[in-house]
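Engineer: Take this structure, written in structure tokens, and hold onto it; I'll ask about it next.
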Amino acid sequence: MTATGATFPIDLGAYQKLTLDPTVPTLTADQKAALQANIQLCRDAIVFFTATGAAHGVGGHTGGPYDTVPEVMILDALFRGKPESFVPIFFDEAGHRVGTQYLMATLNGDLPAEQLMSYRLAHSKLPGHPELGLTPGVKFSSGRLGHMWPYVNGVAFANPGKTVFCLGSDGSQQEGNDAEAARLAVAQHLNVKLIIDDNDVTIAGHPSKYLPGYSVKHTLEGHGLKVLEVNGEDIDALYAAICEAVNTPGPIAVICKRPMCPGIEGLEGSNHGHDVISVKLALQYLESRGHSAAVAHLNGIQKPKQDYTFLGISEKWDSNRNVFGDAVNGMLAKMSETERKEKVLVVDSDLEGSCGLKKIHDAYPEVFIPSGIMERGNLSAAAGFGMEQGKQGIFATFAAFLEMCISEITMARLNYSNLLCHFSHSGIDDMADNTCHFGINNFFADNGLDDGYDTKLYFPADANQMKACVEAIFFDPGLRFIFSTRSKTPILLDSSGNELYGGDYTFVPGKDEVVREGTAGYIVAVGDAVYRALDAVERLKQEGLDVGLINKSTLNVVDEDAMAKIGKSPFVVVVEAFNRRTGLGSRFGSWLLERGYTPKFAYYGTHEEGCGGLWEQFPHQGIDPVGIIDKVKKLV
């Protein structure tokens, strides 16, 4: 745990442990006053400690936990009033609302209030999504939208006679999983109560604009649920609706209509409230509330910095996930508007700003489809567009969600689709959201047969190679997957100090690239592990160990020439941020043996749950330069 050495500057001891009885659906004046005081106290606390994430540079989410405080306060009082009637867990479909779980763990005495000021920092045990068993007081794991309600159905099966709550959102309700969960809950008359924050805001904008016709209320009613819709900021109406839901058997949804971040000047109603509040707005809010000590603490935070100096790279760093969008725009610019509309369709899943697609949206809106949080359906739509020869579907989302799309990928392959997929946030770097958002099982995309439709996986090592990769494969038939990281990566240099992939460099699919020659053995690295491995190679050479480095940017194709070079060397070490069980290293040794090569062999990747923070994820897994050097020396 990261110790702050400071006292939590908002008095959480003022929290009133109210008791409410759901058979009495009307609040007394004292009960209402206590609830309102608790709501304001908790909203102030959430603004403060999530803003420490902004100040520390690790990000976070403020709007979701801030918005849902009223219903959480009511549930807490109900759990205390009739504990035998409820499963007393604040199950939440939106894992980014983890601030709720941390605050309630603190109010229940499981977590020191001071620890909240280390929100999302490395090794603080407060990652960006709740993880059961990691944080004291957290009672479930969550993080990928649409996964909690189906799970809560099972909790209801296991607890007959008790009421189970699930905090939902208009975003999570877009996922197909929730439609399936609704049908099961209705069919089995499960005593599950949904409380849905319907603020018409997701990451990329407003569902009412990009999904016109979508209605949470009508969707749930269509599945057979009883739906109660209320103003989520009207505490009397909200309490009455929750009591009605509790007192009515079977699945019921209480939809809370409210703007995002009500009462926060500069954020109310804005999709920017989905993410962490800026330090500037947090200071403004806290000052208006009279929290001078909280203001002083935020002003005193210094952002931690990565101070390691990497060898073999330039001073320029760039974001490959955004370069993807630039590179696609470069290809689209070569077409007329008519050609673009005829040949290309780009389908987003509410993450256009995170995956580089916003650049395409802004430049060529005629080929862009802004869509909701429906990864499976959106991938299939892009694939269906690319079924015809000469047409290209383009799809993008986070790599963590690739695991959700395997069946759709298989069907795209069986239908001979031309589909270019960009999965950003691959690996673990800069992942304060932590384990549930690790994009480490990307090889699952290559799940076809030897004689199946062509599928290739690419992981460019820097921005120059990303641009060259997109240009080289854009018009290729088949399924193509390009991976990028959340973090920026540096421009790689050759041994003469020139840009490795600059100048007249051409990307050749399937070709492994020698970054450094070596006689003692080779490190084979992918993606953002390449520059870290390059630093390790340069330092090992300085110590007299002549190690080479191979950038395997086409992940799932064996380059026979490179394999011969590697296989005849004394040792081979594979380094990657992918899952050690499913990544490149898990198959590379077999490739060597199949060809009769028997060098000393080891492979290293992600093998432990995350530690939070940003760059700290790599040393935590032992695949930073220091870890790589240590492993090479041990192997030698």
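Letters for chains follow the order of the structure tokens (A, B, ...), residue numbers begin at 1 for each chain, and ligand numbers begin at 1 in the order shown.
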Would you mind listing what lies within 7 Å of segment 11-18 of chain A as a list in words, with only C-alpha atoms counted and same-chain residues fewer than 3 positions away left out?
Structural biologist: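 Close residues of segment 11-18 of chain A: Ala34, Asn38 and Ala77 of chain A.
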Engineer: Now that the selection is made, can you save its residues with C-alpha atoms as a compact mmCIF listing (two decimals), in the first residue's frame?
Structural biologist:
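Below you can see part_13.txt, which holds the result:
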```
# COMPACT_ATOMS: atom_id res chain seq x y z
CA ALA A 34 -29.61 12.65 6.98
CA ASN A 38 -24.63 11.79 3.46
CA ALA A 77 -29.39 2.29 4.84
```
Engineer: Determine which residues of segment 303-522 of chain A DSSP labels as helix (DSSP H, G or I) from the backbone of this structure, then write them out as a PyMOL selection string.
Structural biologist: chain A and resi 320-332+337-343+352-355+357-363+365-367+375-385+399-414+435-437+442-445+463-473
Engineer: In Å, with one decimal, what is the gap from atom CA of Ser495 of chain A to atom CA of Gln542 of chain A?
Structural biologist: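 Interatomic distance, atom CA of Ser495 of chain A to atom CA of Gln542 of chain A: 13.1 Å.
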Engineer: I'd like the contact shell of Gly269 of chain A - 8 Å cut-off, only C-alpha atoms, skipping same-chain residues fewer than 5 positions apart - returned as a list of chain:residue names.
Structural biologist: A:Asn199, A:Val201, A:Pro259, A:Met260, A:Cys261, A:Pro262
Engineer: Go ahead and write the residues just picked, N, CA and C atoms, as a compact mmCIF listing (two decimals), in the first residue's frame.
Structural biologist:
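Generated output (again17.txt):
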```txt
# COMPACT_ATOMS: atom_id res chain seq x y z
N ASN A 199 -27.89 8.77 -17.77
CA ASN A 199 -27.52 10.18 -17.91
C ASN A 199 -27.25 10.59 -19.35
N VAL A 201 -24.94 9.75 -21.33
CA VAL A 201 -23.53 10.07 -21.55
C VAL A 201 -22.71 8.79 -21.56
N PRO A 259 -28.63 14.42 -15.23
CA PRO A 259 -27.49 14.82 -16.05
C PRO A 259 -26.21 14.25 -15.46
N MET A 260 -25.19 14.10 -16.27
CA MET A 260 -23.89 13.70 -15.76
C MET A 260 -23.36 14.78 -14.81
N CYS A 261 -22.83 14.36 -13.67
CA CYS A 261 -22.18 15.26 -12.70
C CYS A 261 -23.08 16.42 -12.27
N PRO A 262 -24.28 16.14 -11.77
CA PRO A 262 -25.16 17.24 -11.38
C PRO A 262 -24.52 18.11 -10.29
```
Engineer: Atom CA of Met466 of chain A and atom CA of Ala529 of chain A are how many Å apart?
Structural biologist: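 Atom-to-atom, atom CA of Met466 of chain A and atom CA of Ala529 of chain A are spaced 15.0 Å apart.
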Engineer: Which residue out of A:His291, A:Lys82, A:Lys217, A:Arg183 has the minimum interatomic distance to Phe8 of chain A when only C-alpha atoms are used?
Structural biologist: A:His291
